[in-house]
$ cat upload.tsv   # TSV, C-alpha atoms
chain	number	residue	atom	x	y	z
A	170	MET	CA	83.61	184.07	-108.40
A	171	GLY	CA	84.68	187.53	-109.48
A	172	GLU	CA	81.99	187.68	-112.12
A	173	ALA	CA	79.36	189.37	-110.02
A	174	THR	CA	77.85	192.63	-111.19
A	175	PRO	CA	76.21	194.00	-108.03
A	176	ARG	CA	72.88	195.74	-108.45
A	177	ILE	CA	73.14	199.34	-107.31
A	178	THR	CA	71.25	202.63	-107.39
A	179	ALA	CA	72.60	206.19	-107.69
A	180	GLN	CA	73.48	206.42	-104.01
A	181	TYR	CA	75.91	203.48	-104.19
A	182	LEU	CA	77.93	204.85	-107.15
A	183	GLU	CA	80.68	206.27	-104.94
A	184	ASN	CA	81.28	202.94	-103.23
A	185	PHE	CA	81.68	201.17	-106.54
A	186	SER	CA	83.94	203.40	-108.59
A	187	HIS	CA	86.00	201.45	-111.13
A	188	GLN	CA	83.83	198.41	-110.63
A	189	THR	CA	81.36	196.73	-112.92
A	190	VAL	CA	77.82	197.12	-111.69
A	191	ARG	CA	74.24	196.55	-112.77
A	192	ILE	CA	71.79	199.44	-112.67
A	193	LEU	CA	68.12	199.45	-113.52
A	194	GLY	CA	66.47	202.78	-114.17
A	195	LYS	CA	64.21	204.85	-116.32
A	196	VAL	CA	65.80	206.69	-119.25
A	197	THR	CA	65.24	210.41	-118.71
A	198	SER	CA	67.40	211.96	-121.40
A	199	LEU	CA	69.15	210.79	-124.51
A	200	ARG	CA	71.68	212.84	-126.51
A	201	GLY	CA	73.90	210.89	-128.87
A	202	GLU	CA	76.23	208.79	-126.75
A	203	GLN	CA	75.27	210.54	-123.52
A	204	ALA	CA	72.18	209.60	-121.63
A	205	SER	CA	70.88	209.78	-118.12
A	206	MET	CA	68.54	207.67	-116.17
A	207	ASP	CA	66.67	207.78	-112.91
A	208	ALA	CA	67.75	204.98	-110.59
A	209	GLY	CA	67.07	206.20	-107.06
A	210	GLY	CA	68.64	209.46	-108.27
A	211	ASN	CA	70.21	210.64	-111.50
A	212	VAL	CA	72.86	208.49	-113.15
A	213	ALA	CA	74.83	209.75	-116.17
A	214	ILE	CA	75.64	207.02	-118.64
A	215	MET	CA	77.90	206.80	-121.68
A	216	LEU	CA	76.51	204.47	-124.28
A	217	ASN	CA	78.39	202.04	-126.44
A	218	ARG	CA	77.63	201.79	-130.11
A	219	ASP	CA	75.25	198.87	-129.96
A	220	ALA	CA	73.18	200.10	-127.05
A	221	HIS	CA	69.58	200.62	-128.08
A	222	ILE	CA	67.73	202.48	-125.42
A	223	GLN	CA	64.58	204.57	-125.54
A	224	LEU	CA	63.33	207.52	-123.60
A	225	ASN	CA	60.91	206.62	-120.79
A	226	HIS	CA	61.73	202.98	-121.07
A	227	ALA	CA	63.19	201.00	-118.20
A	228	VAL	CA	66.64	199.80	-119.05
A	229	GLU	CA	69.07	197.59	-117.19
A	230	ILE	CA	72.69	198.35	-117.86
A	231	VAL	CA	75.85	196.52	-116.93
A	232	GLY	CA	78.65	199.05	-116.88
A	233	LYS	CA	81.78	200.35	-115.27
A	234	VAL	CA	81.61	203.26	-112.84
A	235	GLN	CA	84.05	206.03	-113.88
A	236	ASN	CA	85.96	208.58	-111.79
A	237	ASP	CA	83.25	211.20	-112.26
A	238	LEU	CA	80.61	208.62	-111.19
A	239	SER	CA	79.19	208.34	-114.67
A	240	VAL	CA	78.78	204.81	-115.95
A	241	ARG	CA	80.28	203.45	-119.16
A	242	VAL	CA	77.82	200.93	-120.57
A	243	LEU	CA	79.09	197.45	-121.44
A	244	ALA	CA	75.69	195.92	-122.08
A	245	SER	CA	72.15	197.18	-121.94
A	246	THR	CA	68.78	195.50	-121.92
A	247	ASP	CA	65.61	197.37	-122.79
A	248	LEU	CA	62.86	196.27	-120.43
A	249	GLY	CA	59.99	198.11	-122.10
A	250	PRO	CA	57.92	201.03	-120.79
A	251	ALA	CA	59.01	202.04	-117.28
A	252	THR	CA	55.42	202.01	-116.03
A	253	ALA	CA	55.43	198.21	-116.09
A	254	ILE	CA	58.28	198.00	-113.59
A	255	ASP	CA	57.76	198.07	-109.84
A	256	PHE	CA	60.66	200.29	-108.80
A	257	ASN	CA	59.95	199.73	-105.11
A	258	ALA	CA	60.72	196.07	-105.65
A	259	VAL	CA	63.83	196.97	-107.64
A	260	GLU	CA	65.01	199.18	-104.77
A	261	ALA	CA	64.25	196.43	-102.27
A	262	VAL	CA	66.47	194.09	-104.28
A	263	VAL	CA	69.32	196.62	-104.27
A	264	ASP	CA	68.88	197.03	-100.53
A	265	ALA	CA	68.92	193.25	-99.98
A	266	THR	CA	71.96	192.93	-102.26
A	267	HIS	CA	74.06	195.11	-100.00
A	268	ARG	CA	72.50	194.10	-96.69
A	269	TYR	CA	72.91	190.38	-97.31
A	270	LYS	CA	75.75	190.48	-99.76
A	271	GLU	CA	76.91	186.96	-98.89
A	272	ILE	CA	74.44	185.58	-101.42
A	273	PHE	CA	74.90	188.34	-104.03
A	274	TYR	CA	78.49	189.48	-104.42
A	275	GLY	CA	80.51	189.68	-101.20
A	276	GLY	CA	82.88	187.30	-99.52
A	277	ASP	CA	81.58	185.31	-96.58
A	278	ASP	CA	80.00	188.00	-94.43
B	124	MET	CA	48.28	170.31	-100.92
B	125	ASP	CA	50.66	168.40	-103.10
B	126	TYR	CA	52.30	170.33	-105.88
B	127	GLY	CA	54.20	167.43	-107.26
B	128	TYR	CA	57.57	168.00	-105.74
B	129	GLY	CA	56.52	166.92	-102.31
B	130	GLY	CA	57.77	163.73	-100.90
B	131	GLY	CA	59.11	164.38	-97.48
B	132	GLY	CA	56.13	166.24	-96.16
B	133	GLY	CA	58.22	168.49	-93.98
B	134	GLY	CA	60.33	169.31	-96.96
B	135	ASN	CA	57.61	170.93	-98.99
B	136	TYR	CA	58.22	174.53	-99.79
B	137	ASN	CA	54.88	175.88	-100.80
B	138	THR	CA	55.26	179.30	-102.23
B	139	THR	CA	53.90	181.08	-105.18
B	140	THR	CA	56.75	179.85	-107.36
B	141	THR	CA	54.65	176.79	-107.89
B	142	SER	CA	52.30	178.75	-110.05
B	143	TYR	CA	55.18	179.86	-112.19
B	144	GLY	CA	56.05	176.24	-112.72
B	145	ALA	CA	52.55	175.55	-113.89
B	146	GLN	CA	52.64	178.52	-116.21
B	147	GLY	CA	55.94	177.41	-117.63
B	148	GLY	CA	54.46	174.21	-118.86
B	149	ALA	CA	54.89	171.82	-115.98
B	150	GLY	CA	51.69	170.36	-117.30
B	151	GLY	CA	53.96	168.46	-119.60
B	152	GLY	CA	55.17	166.58	-116.58
B	153	GLY	CA	58.85	167.17	-117.20
B	154	PHE	CA	59.29	168.59	-113.75
B	155	MET	CA	58.46	165.54	-111.66
B	156	ALA	CA	61.22	163.89	-109.72
B	157	GLY	CA	62.33	160.60	-111.13
B	158	GLY	CA	62.74	161.91	-114.63
B	159	SER	CA	65.34	160.02	-116.59
B	160	GLN	CA	68.19	162.31	-115.64
B	161	ASP	CA	67.61	161.85	-111.94
B	162	ASN	CA	68.20	158.17	-111.77
B	163	ALA	CA	71.93	158.55	-111.46
B	164	SER	CA	71.77	160.68	-108.36
B	165	GLY	CA	70.70	157.99	-105.93
B	166	GLY	CA	66.95	157.63	-105.99
B	167	GLY	CA	66.41	156.92	-102.31
B	168	LYS	CA	67.93	160.10	-101.00
B	169	SER	CA	66.47	162.47	-103.52
B	170	ALA	CA	63.04	160.99	-103.04
B	171	ARG	CA	63.15	161.79	-99.33
B	172	ASN	CA	64.23	165.36	-99.71
B	173	ASP	CA	62.59	166.77	-102.79
B	174	THR	CA	62.47	170.39	-101.84
B	175	LEU	CA	62.45	173.31	-104.23
B	176	ARG	CA	64.62	176.20	-103.18
B	177	PRO	CA	64.99	179.61	-104.81
B	178	VAL	CA	68.69	180.52	-105.02
B	179	THR	CA	71.10	182.97	-106.57
B	180	ILE	CA	73.77	181.70	-108.95
B	181	LYS	CA	76.42	182.69	-106.40
B	182	GLN	CA	74.83	180.30	-103.91
B	183	LEU	CA	75.02	177.48	-106.47
B	184	ASN	CA	78.68	178.18	-107.25
B	185	GLU	CA	79.50	178.32	-103.55
B	186	ALA	CA	77.36	175.40	-102.39
B	187	SER	CA	79.43	173.05	-100.25
B	188	GLY	CA	79.79	169.33	-100.86
B	189	HIS	CA	79.78	167.33	-104.05
B	190	ASP	CA	77.24	165.89	-106.41
B	191	PRO	CA	74.65	164.78	-105.38
B	192	ASP	CA	75.03	166.01	-101.79
B	193	PHE	CA	75.28	169.74	-102.13
B	194	LYS	CA	74.44	171.96	-99.20
B	195	VAL	CA	73.48	175.63	-99.05
B	196	ASP	CA	73.34	177.32	-95.65
B	197	GLY	CA	73.89	173.89	-94.12
B	198	HIS	CA	70.77	172.42	-95.69
B	199	ASP	CA	70.58	169.76	-98.37
B	200	LEU	CA	69.95	171.08	-101.81
B	201	ALA	CA	67.50	169.22	-104.02
B	202	GLN	CA	65.58	171.04	-106.73
B	203	VAL	CA	66.48	174.66	-107.26
B	204	THR	CA	64.89	177.52	-109.11
B	205	PHE	CA	66.66	180.67	-110.23
B	206	VAL	CA	66.55	183.43	-112.79
B	207	GLY	CA	69.27	184.76	-115.05
B	208	GLN	CA	70.06	186.68	-118.14
B	209	ILE	CA	71.02	184.39	-121.00
B	210	ARG	CA	74.55	185.20	-122.17
B	211	SER	CA	74.83	182.45	-124.76
B	212	ILE	CA	72.87	179.54	-126.13
B	213	SER	CA	74.54	176.57	-127.75
B	214	SER	CA	72.51	173.78	-129.25
B	215	GLN	CA	73.96	170.30	-129.28
B	216	THR	CA	72.48	167.06	-130.48
B	217	THR	CA	71.39	165.89	-127.05
B	218	ASN	CA	71.01	169.10	-125.13
B	219	THR	CA	70.94	172.86	-125.26
B	220	THR	CA	73.44	174.67	-123.05
B	221	TYR	CA	72.62	178.13	-121.74
B	222	LYS	CA	75.09	180.39	-119.98
B	223	LEU	CA	73.24	182.40	-117.37
B	224	ASP	CA	74.18	185.51	-115.42
B	225	ASP	CA	72.01	186.89	-112.63
B	226	GLY	CA	74.38	189.59	-111.44
B	227	THR	CA	75.74	187.36	-108.65
B	228	GLY	CA	77.70	185.01	-110.89
B	229	THR	CA	77.39	182.86	-113.96
B	230	ILE	CA	76.56	179.20	-114.44
B	231	GLU	CA	75.76	176.88	-117.32
B	232	ALA	CA	72.44	175.10	-117.53
B	233	LYS	CA	71.79	172.10	-119.74
B	234	VAL	CA	68.34	171.26	-120.96
B	235	TRP	CA	68.16	167.74	-122.36
B	236	ILE	CA	66.25	167.40	-125.56
B	237	ASP	CA	63.62	164.76	-125.37
B	238	SER	CA	63.22	162.95	-128.63
B	239	ASP	CA	59.43	163.31	-128.74
B	240	SER	CA	59.52	167.06	-128.56
B	241	ALA	CA	62.42	167.20	-131.05
B	242	GLU	CA	60.21	165.55	-133.62
B	243	ASN	CA	57.19	167.73	-132.89
B	244	PRO	CA	58.56	171.02	-131.63
B	245	ASP	CA	56.04	172.92	-129.58
B	246	THR	CA	55.84	176.30	-131.24
B	247	SER	CA	53.15	177.67	-128.93
B	248	LYS	CA	55.58	178.32	-126.07
B	249	PRO	CA	57.91	181.33	-126.21
B	250	LYS	CA	61.56	180.36	-126.53
B	251	PRO	CA	64.43	181.74	-124.43
B	252	VAL	CA	66.55	184.20	-126.39
B	253	GLU	CA	70.04	185.62	-125.86
B	254	ASN	CA	70.16	188.59	-123.47
B	255	GLY	CA	66.63	187.85	-122.31
B	256	TYR	CA	65.90	186.81	-118.73
B	257	ALA	CA	64.73	183.30	-118.04
B	258	ARG	CA	63.57	181.25	-115.09
B	259	LEU	CA	64.90	177.75	-114.60
B	260	PHE	CA	63.98	174.76	-112.51
B	261	GLY	CA	66.52	171.99	-112.08
B	262	ARG	CA	69.21	170.34	-110.04
B	263	LEU	CA	72.80	171.31	-109.41
B	264	LYS	CA	75.25	168.85	-111.01
B	265	GLU	CA	79.00	168.48	-111.04
B	266	PHE	CA	81.02	166.97	-113.87
B	267	ASN	CA	84.84	167.06	-114.07
B	268	ASN	CA	84.82	169.58	-111.22
B	269	ARG	CA	82.66	171.95	-113.21
B	270	ARG	CA	79.23	172.77	-111.95
B	271	HIS	CA	76.18	173.12	-114.10
B	272	VAL	CA	72.46	172.89	-113.62
B	273	GLY	CA	70.52	170.06	-115.15
B	274	ALA	CA	67.39	172.00	-115.96
B	275	HIS	CA	63.96	170.42	-116.29
B	276	ILE	CA	62.43	173.66	-117.42
B	277	ILE	CA	63.70	176.92	-118.83
B	278	ARG	CA	61.14	179.59	-119.54
B	279	PRO	CA	61.66	183.14	-120.75
B	280	ILE	CA	60.58	185.84	-118.29
B	281	SER	CA	58.12	188.25	-119.82
B	282	ASP	CA	57.46	190.40	-116.75
B	283	PHE	CA	60.70	191.80	-115.35
B	284	ASN	CA	59.19	192.09	-111.86
B	285	GLU	CA	59.63	188.33	-111.59
B	286	VAL	CA	63.39	188.95	-111.41
B	287	SER	CA	62.96	191.32	-108.44
B	288	TYR	CA	60.58	188.85	-106.89
B	289	HIS	CA	63.01	185.99	-107.25
B	290	MET	CA	65.94	187.90	-105.73
B	291	LEU	CA	63.81	188.86	-102.73
B	292	GLU	CA	62.47	185.34	-102.35
B	293	ALA	CA	65.98	183.88	-102.48
B	294	THR	CA	67.00	186.39	-99.79
B	295	ALA	CA	64.00	185.54	-97.62
B	296	VAL	CA	64.73	181.81	-97.82
B	297	HIS	CA	68.43	182.37	-97.12
B	298	LEU	CA	67.51	184.38	-94.03
B	299	HIS	CA	64.97	181.78	-93.01
B	300	PHE	CA	67.66	179.09	-92.98
B	301	THR	CA	70.41	181.18	-91.43
B	302	ARG	CA	68.40	183.20	-88.88
B	303	GLY	CA	65.20	181.24	-88.41
B	304	PRO	CA	61.65	182.19	-89.34
B	305	PRO	CA	60.64	185.83	-89.11
B	306	GLY	CA	59.35	186.74	-85.66
B	307	GLY	CA	56.78	189.27	-84.52
B	308	GLY	CA	53.17	189.82	-85.50
B	309	ALA	CA	53.83	191.80	-88.64
B	310	ASN	CA	55.40	188.83	-90.33
B	311	LYS	CA	52.91	186.25	-89.14
B	312	ALA	CA	51.67	185.45	-92.62
B	313	ALA	CA	55.15	184.93	-93.96
B	314	GLY	CA	56.02	182.80	-90.96
B	315	ALA	CA	53.02	180.60	-91.40
B	316	GLN	CA	53.69	180.17	-95.07
B	317	THR	CA	57.15	178.82	-94.58
B	318	ASN	CA	56.26	176.63	-91.62
B	319	GLY	CA	57.82	173.26	-91.83
B	320	THR	CA	60.76	174.23	-93.95
B	321	THR	CA	62.91	174.54	-90.87
B	322	ASP	CA	63.34	170.80	-90.89
B	323	ALA	CA	63.92	170.37	-94.55
B	324	GLY	CA	67.54	169.58	-93.92
B	325	SER	CA	68.05	168.97	-90.24
B	326	GLY	CA	65.02	166.78	-89.80
B	327	GLY	CA	66.08	164.55	-92.63
B	328	ALA	CA	63.60	161.79	-93.14
B	329	ASN	CA	61.36	163.07	-90.41
B	330	GLY	CA	58.24	164.23	-92.14
B	331	MET	CA	56.24	164.69	-88.93
B	332	SER	CA	58.10	167.48	-87.23
B	333	GLY	CA	56.22	170.40	-88.75
B	334	ILE	CA	53.40	172.01	-86.86
B	335	PRO	CA	50.00	170.52	-87.76
B	336	SER	CA	47.78	172.73	-89.85
B	337	GLY	CA	44.90	174.53	-88.21
B	338	MET	CA	46.83	175.71	-85.17
B	339	SER	CA	46.24	179.20	-83.86
B	340	GLY	CA	48.70	182.03	-84.51
B	341	ALA	CA	49.75	182.04	-80.85
B	342	ALA	CA	50.42	178.30	-80.92
B	343	SER	CA	52.63	178.56	-83.96
B	344	LYS	CA	54.52	181.48	-82.39
B	345	VAL	CA	55.18	179.48	-79.26
B	346	TYR	CA	56.16	176.47	-81.35
B	347	ASN	CA	58.62	178.50	-83.39
B	348	CYS	CA	60.03	180.03	-80.23
B	349	LEU	CA	60.64	176.56	-78.79
B	350	ARG	CA	62.17	175.43	-82.05
B	351	THR	CA	64.57	178.31	-82.51
B	352	SER	CA	65.57	179.42	-78.99
B	353	PRO	CA	68.75	177.97	-77.53
B	354	GLN	CA	67.79	175.65	-74.66
B	355	SER	CA	68.88	172.62	-72.67
B	356	ASN	CA	67.04	169.32	-73.06
B	357	GLU	CA	64.68	170.51	-70.35
B	358	GLY	CA	63.18	172.91	-72.88
B	359	LEU	CA	61.80	176.32	-71.98
B	360	HIS	CA	59.68	177.57	-69.11
B	361	VAL	CA	56.40	179.35	-69.84
B	362	GLN	CA	57.82	182.50	-68.27
B	363	GLN	CA	60.81	182.48	-70.64
B	364	ILE	CA	58.60	182.00	-73.69
B	365	ALA	CA	56.30	184.81	-72.61
B	366	THR	CA	59.27	187.15	-72.17
B	367	THR	CA	60.84	186.20	-75.49
B	368	LEU	CA	57.62	186.65	-77.42
B	369	GLY	CA	56.25	189.54	-75.40
B	370	MET	CA	53.03	187.60	-74.79
B	371	GLN	CA	50.80	187.28	-71.72
B	372	ILE	CA	51.51	184.19	-69.63
B	373	ASN	CA	47.95	182.89	-69.91
B	374	ASP	CA	48.05	183.26	-73.70
B	375	VAL	CA	51.24	181.22	-73.75
B	376	GLU	CA	49.58	178.64	-71.48
B	377	LYS	CA	46.62	178.40	-73.85
B	378	ALA	CA	48.91	178.03	-76.87
B	379	GLY	CA	50.89	175.41	-74.97
B	380	ASP	CA	47.72	173.42	-74.20
B	381	GLU	CA	46.94	173.40	-77.87
B	382	LEU	CA	50.42	172.17	-78.76
B	383	LEU	CA	50.40	169.59	-75.95
B	384	GLY	CA	47.01	168.36	-77.11
B	385	ASN	CA	48.37	167.86	-80.60
B	386	GLY	CA	51.41	166.05	-79.30
B	387	VAL	CA	54.00	168.31	-80.88
B	388	ILE	CA	55.52	169.41	-77.56
B	389	TYR	CA	55.79	167.67	-74.19
B	390	THR	CA	56.26	168.70	-70.57
B	391	THR	CA	59.67	168.12	-69.02
B	392	VAL	CA	60.65	168.99	-65.40
B	393	ASP	CA	57.21	170.35	-64.53
B	394	ASP	CA	53.90	171.17	-66.21
B	395	HIS	CA	55.13	174.60	-67.23
B	396	THR	CA	58.36	173.62	-68.95
B	397	TRP	CA	58.01	172.39	-72.49
B	398	ALA	CA	60.21	170.97	-75.19
B	399	ILE	CA	59.58	170.09	-78.82
B	400	LEU	CA	58.75	166.49	-79.45
B	401	ASP	CA	60.90	165.50	-82.38
B	402	CYS	CA	62.25	162.06	-82.70
$ encode --input "upload.tsv" --output "structure tokens"
Amino acid sequence: MGEATPRITAQYLENFSHQTVRILGKVTSLRGEQASMDAGGNVAIMLNRDAHIQLNHAVEIVGKVQNDLSVRVLASTDLGPATAIDFNAVEAVVDATHRYKEIFYGGDD
Amino acid sequence: MDYGYGGGGGGNYNTTTTSYGAQGGAGGGGFMAGGSQDNASGGGKSARNDTLRPVTIKQLNEASGHDPDFKVDGHDLAQVTFVGQIRSISSQTTNTTYKLDDGTGTIEAKVWIDSDSAENPDTSKPKPVENGYARLFGRLKEFNNRRHVGAHIIRPISDFNEVSYHMLEATAVHLHFTRGPPGGGANKAAGAQTNGTTDAGSGGANGMSGIPSGMSGAASKVYNCLRTSPQSNEGLHVQQIATTLGMQINDVEKAGDELLGNGVIYTTVDDHTWAILDC
């Protein structure tokens, strides 16, 4: 469909440069328009003006992976305190997304 | 155990999603098959196969066939459940249309407004909001070559872990249909839980082909082996089953006796070669 935004973690950034992806992580630093989050590793993100994110909250971003593997945010969703999120399950979903991509984003097989 | 969307027996998919349905207000009854919007889709067929399948939006967009005979992974699609982030909400006089995105694609879902609830809006239930995640239950529809979901229920997701859960469940069910039930002892619980779904599509009207409840773990392993292994119409020999499953021959024999006694398998060329009885 071309509208998929594959769920990834830090380790997949390289494989998805210049693509729009979906990353869920915990906000670890926040300085103006620059922020970083922990999503199976550190991910640098560049916020847009209407992104409202908070330190130590889980946030899901949809964004475009840049040349330097930072991510320019197109949309963000605050999911509340990170302690409420089971990150093992989140990682399992990312793993399944790429292992069985036929139902998530890939062509047939 | 009848959760309300059973009909075909073999087609029941009893997972924990059912409790979500209850939470979401299925008590109102809007979720039962045969609601007003289902009448158009050929009552007889949908009544036989009233399964509930967790899917991703990509699977809905890529489902083969046409309304009302969609197929996913080669199996008939009846009721579906999925999650998504709400991109837009547009309220019309007769329905509310939601555009949903779950990261695998986007699809529109229409929730018909029933005149009773329009007069007395239920304010106790949380309402879906833009950019929030929601879970839906409904049926895939096609109109002017555009697909949408006719949703019986849309409910905002308050615990994000439900999204992870759904994606993993959709994956598990996809793998179940494309690769067969999980094998090996570690996955015994999962295998037992999904027993019977194998025939949801291929068995068609046959509601009897699942394994009866109360069978031992070994019996259900042997049964699943017979069901999923490639074989001629002579079935499989005890020795082959034992090798495939890594079980002792006498354990396989015992399991076979149990299955023979319940009439779900039968002997073919000799007493030690069995095939599944499904007709």
$ interface_residues --input "upload.tsv" --of "chain A" --to "chain B" --cutoff "9 Å" --atoms "all atoms listed in the file" --output "ChimeraX atom specification"
/A:170-176,190-191,231,245-246,248,253-256,258-262,265-266,269,271-274
$ closest_residue --input "upload.tsv" --among "A:Val240, A:His226, A:Gly209, A:Arg268" --to "Thr252 (chain A)" --atoms "all atoms listed in the file"
A:His226
$ closest_residue --input "upload.tsv" --among "B:Thr246, B:Thr216, B:Thr351, B:Thr367" --to "Phe300 (chain B)" --atoms "only C-alpha atoms"
B:Thr351
$ atom_distance --input "upload.tsv" --atom1 "CA of Val196 (chain A)" --atom2 "CA of Ser211 (chain B)"
26.4 Å
$ axis_aligned_box --input "upload.tsv" --around "region 173-177 of chain B" --padding-each-side "6 Å" --output "lines of an AutoDock Vina configuration file"
center_x = 63.7
center_y = 173.2
center_z = -103.3
size_x = 14.5
size_y = 24.8
size_z = 15.0
$ decode --input "upload.tsv" --residues "region 223-241 of chain A" --atoms "C-alpha atoms" --output "compact mmCIF listing (two decimals), in the first residue's frame"
# COMPACT_ATOMS: atom_id res chain seq x y z
CA GLN A 223 8.11 14.63 28.22
CA LEU A 224 11.19 13.26 29.86
CA ASN A 225 10.81 9.66 31.10
CA HIS A 226 7.60 9.22 29.22
CA ALA A 227 7.16 6.58 26.55
CA VAL A 228 6.57 8.18 23.21
CA GLU A 229 5.78 6.71 19.83
CA ILE A 230 7.06 8.73 16.93
CA VAL A 231 6.47 8.46 13.22
CA GLY A 232 9.42 10.04 11.47
CA LYS A 233 11.89 9.98 8.65
CA VAL A 234 15.35 8.51 9.16
CA GLN A 235 18.06 11.01 8.10
CA ASN A 236 21.55 10.45 6.67
CA ASP A 237 23.13 10.67 10.12
CA LEU A 238 20.57 8.12 11.43
CA SER A 239 18.75 10.72 13.48
CA VAL A 240 15.00 10.78 13.01
CA ARG A 241 12.97 13.82 11.97
